[in-house]
Amino acid sequence: MYETLSFDERGDLALLTLKRSRINVKQIRELERVLDHLEDVSKAKALVIRGHSEGIDFLDFDPREAMDIHGFNKWEKLVNRLEALDKVTVALIDGPCVGGGFQLTMVCDQRICVPTATFQLPEVRLGFLPGMATFRLAKYVGLGHAKRIVMTGTVLGAEEAQRLGLVDAVALDLDAALASTLASFGAMHTVAFTLARRLLNESYGTQGEDALGNFLAAQHRAISQTAFLDTLRAERKKT
Amino acid sequence: MLDLRPRILSVGTANPPERWSQQELLDRFKVTDPKITSLFTSSHIRSRHLYLPPGKPEGGPEEETQGDLLRKHRRGTIEVAPSAVQACLGPMGLTVKDIDYLCCITSTGWLTPGVSAILIKTMGFREDCSRVDIVGMGCNAGLNGLNPVSAWAMANPGRNALMVCNEICSAAYVFDGSMRTAIVNSLFGDGVAAVLVRASEQDERAFAPKILGFDSHIIPPAMDAMRFDWDEEQGKYSFFLDRDIPYVVGANAEKPVGRLLAKFGLRRRHISHWIVHSGGKKVVDAIKYNVGLTDYDVRHTHSVLRDYGNLSSGSFLFSYARLLQEGRVRRGDYGILMTMGPGSTIETALIRW
């Protein structure tokens, strides 16, 4: 069914494993198909993306032809969709996490890696830009670290990545770490969860009255859901 | 078989000549009540086109009776609407003589004969031009009009239908120092938008979107949230906006959008362009977080609000015009038009280039 990845769904858990170490057009199309399924059909509560990636496949580009930006736009749209998914998303990183692969993990809600994992955005050294990761990275690590990572293309080890807040856990046993991470999310209220994620993602870009307006609109949506009403009823029963 | 869906072939807009910043309005009428001044200055709106009475030396505007306001509405219609119609028809190489069906929409003044009759007389439309006036439906009315206009075009292939959203909101202003009227006076602006709609084989290759369908949603419990009713004390009609409107609209916005998408087997990600009524900052925020739209999706909604205020029924067509100007629309793209207003109501339409 897929060539560049495998996808499996068991109950509340959807598992996507990257099987190609470089991201090519085929893999992007297959990731889009997986996202179509996750958005339209899947009842899973969590998506786990497992594997490693060396970044984009340069063999997809022909230096004899005019460069075109649409493929990059397609990629960013895909990343945005993953970021907005109505499920908990966890990246399990078992090796190098480079360029586009690094980008994918950054839009997940949590990142867990093995001690030998490495993180790198080598794009600028290679003459292009690391996508919208340029914007996302600084929110995780602060502008100073982001400049060093993006502009020098330095390779970060698992321990440093964790210290900077890029990785939530480093573990030899990824499955055990995943189980405890998923348990930490508890029962998920989809609307509140996705709205909170959206406001957090917007947190550095929106200020003052605009931020307040956004918050009030989101909060009204949250408190109009049955999840919040159930909370209120449960609290009443306690007293 | 040829798919003869009607298309929006052209759009034109126009505004009265005088443009005001929020601060200029406060200065003109010497408004000092801090609650009202902060309402004006903290607003997302930077400027609006308005027909304003002179200020009195002691502050406030010169008195305008309901009769004065009705005359202002008529005068504004005659001065502004023809420019919007020309801007719409000119690029198509058409004149008003080519129009077979005229639909005029207004909520800012009562006229009998209506706006359509006035435009036919002043602009020289043909005597056999069919017409309809949609009066008093408010900010959503542009889509309440586009629905029958589109149906007329379908039933009369090859013939030209023109819809004119004609709103002289400054003819619906009441100045009484209350927050109720200050909210209205800080928000609405004057402007006219016109669109040409036609279902014709000759447009098969035109880069103009087909109108595919509509979905409406009315919220009867919120009937009084937006209303234009008689103010006994002032002897005028006065508009009222409930502070909960953004939340009422937000909580229901997904319903018509969901139904419209479902009718055509589409998902939200298939919609490239959202053309949303510039109702006010909070209403647009509510739509954003309930329908899942980004600031990018509502960029023209925001910029039209910023530059013109709420233009009532024509607002979304100003956004539509900006979208076309921007030049990013591609053939095959889907768009959703969305307006909201008294009822309370949310109207939607699906289009495709």
# chains A, B, ... in the order shown; residues from 1 in each chain; ligands from 1
$ closest_atom_pairs --of "chain B" --to "chain A" --cutoff "7 Å" --atoms "only C-alpha atoms" --output "tab-separated table"
residue	atom	partner	partner_atom	distance
B:Tyr247	CA	A:His220	CA	6.8
B:Ala251	CA	A:Arg221	CA	6.6
B:Lys282	CA	A:Gly213	CA	6.3
B:Asp285	CA	A:Asn214	CA	5.8
B:Ala286	CA	A:Ala217	CA	4.8
B:Tyr289	CA	A:Ala218	CA	5.6
B:Asn290	CA	A:Arg221	CA	6.6
$ write_last_selection --atoms "C-alpha atoms" --output "tab-separated table (two decimals), in the first residue's frame"
chain	number	residue	atom	x	y	z
B	247	TYR	CA	-20.08	34.00	20.25
B	251	ALA	CA	-20.85	28.62	17.97
B	282	LYS	CA	-14.45	39.77	17.40
B	285	ASP	CA	-11.94	35.91	15.58
B	286	ALA	CA	-14.92	33.71	16.42
B	289	TYR	CA	-11.35	29.57	15.93
B	290	ASN	CA	-14.62	27.80	15.22
$ residues_around --residues "Ala183 (chain A)" --least-positions-apart "4" --cutoff "12 Å" --atoms "only C-alpha atoms" --output "PyMOL selection string"
chain A and resi 45-46+88+176-179+187-188
$ write_last_selection --atoms "N, CA and C atoms" --output "PDB file, in the first residue's frame"
ATOM      1  N   LYS A  45      -6.757   8.261  18.781  1.00  0.00           N
ATOM      2  CA  LYS A  45      -6.574   9.421  19.665  1.00  0.00           C
ATOM      3  C   LYS A  45      -5.153   9.958  19.582  1.00  0.00           C
ATOM      4  N   ALA A  46      -4.224   9.096  19.144  1.00  0.00           N
ATOM      5  CA  ALA A  46      -2.820   9.514  19.095  1.00  0.00           C
ATOM      6  C   ALA A  46      -2.158   9.015  17.818  1.00  0.00           C
ATOM      7  N   VAL A  88      -3.169  13.522  19.708  1.00  0.00           N
ATOM      8  CA  VAL A  88      -1.846  13.730  20.309  1.00  0.00           C
ATOM      9  C   VAL A  88      -0.824  13.202  19.310  1.00  0.00           C
ATOM     10  N   ALA A 176       8.643   1.883  25.867  1.00  0.00           N
ATOM     11  CA  ALA A 176       8.296   2.145  27.266  1.00  0.00           C
ATOM     12  C   ALA A 176       8.108   3.643  27.480  1.00  0.00           C
ATOM     13  N   ALA A 177       9.017   4.445  26.881  1.00  0.00           N
ATOM     14  CA  ALA A 177       8.914   5.895  27.031  1.00  0.00           C
ATOM     15  C   ALA A 177       7.625   6.411  26.380  1.00  0.00           C
ATOM     16  N   LEU A 178       7.266   5.820  25.242  1.00  0.00           N
ATOM     17  CA  LEU A 178       6.035   6.218  24.554  1.00  0.00           C
ATOM     18  C   LEU A 178       4.824   5.945  25.444  1.00  0.00           C
ATOM     19  N   ALA A 179       4.803   4.747  26.041  1.00  0.00           N
ATOM     20  CA  ALA A 179       3.654   4.380  26.885  1.00  0.00           C
ATOM     21  C   ALA A 179       3.473   5.396  28.008  1.00  0.00           C
ATOM     22  N   ALA A 187      -7.117  11.406  29.540  1.00  0.00           N
ATOM     23  CA  ALA A 187      -8.262  11.462  28.639  1.00  0.00           C
ATOM     24  C   ALA A 187      -8.197  12.800  27.915  1.00  0.00           C
ATOM     25  N   MET A 188      -8.206  12.754  26.596  1.00  0.00           N
ATOM     26  CA  MET A 188      -8.004  13.987  25.841  1.00  0.00           C
ATOM     27  C   MET A 188      -9.330  14.603  25.433  1.00  0.00           C
TER      28      MET A 188
END
$ closest_residue --among "A:Met106, A:Val90, A:Val79, A:Leu156" --to "Leu13 (chain A)" --atoms "only C-alpha atoms"
A:Val90
$ residues_around --residues "Tyr296 (chain B)" --least-positions-apart "2" --cutoff "12 Å" --atoms "only C-alpha atoms" --output "NGL selection string"
:B and (272-275 or 288 or 292-294 or 298-303 or 323)
$ residues_around --residues "Lys72 (chain B)" --least-positions-apart "6" --cutoff "9 Å" --atoms "only C-alpha atoms" --output "PDB file with N, CA and C atoms, in the first residue's frame"
ATOM      1  N   TYR B  51     -20.731  59.810   4.858  1.00  0.00           N
ATOM      2  CA  TYR B  51     -21.368  61.119   4.671  1.00  0.00           C
ATOM      3  C   TYR B  51     -21.702  61.652   6.052  1.00  0.00           C
ATOM      4  N   GLY B 109     -31.630  52.293   4.306  1.00  0.00           N
ATOM      5  CA  GLY B 109     -32.626  53.324   4.060  1.00  0.00           C
ATOM      6  C   GLY B 109     -33.794  52.754   3.292  1.00  0.00           C
ATOM      7  N   ILE B 168     -25.354  52.745   2.493  1.00  0.00           N
ATOM      8  CA  ILE B 168     -24.926  54.060   2.973  1.00  0.00           C
ATOM      9  C   ILE B 168     -25.174  54.049   4.483  1.00  0.00           C
ATOM     10  N   SER B 170     -23.919  55.534   6.921  1.00  0.00           N
ATOM     11  CA  SER B 170     -23.995  56.805   7.668  1.00  0.00           C
ATOM     12  C   SER B 170     -25.411  57.386   7.610  1.00  0.00           C
ATOM     13  N   ALA B 171     -26.296  56.804   6.802  1.00  0.00           N
ATOM     14  CA  ALA B 171     -27.707  57.206   6.794  1.00  0.00           C
ATOM     15  C   ALA B 171     -28.490  56.414   7.839  1.00  0.00           C
TER      16      ALA B 171
END
$ residues_around --residues "Val291 (chain B)" --least-positions-apart "5" --cutoff "8 Å" --atoms "only C-alpha atoms" --output "number ranges by chain"
B: 253-254, 257
$ atom_distance --atom1 "CA of Leu78 (chain A)" --atom2 "CA of Leu18 (chain A)"
15.2 Å
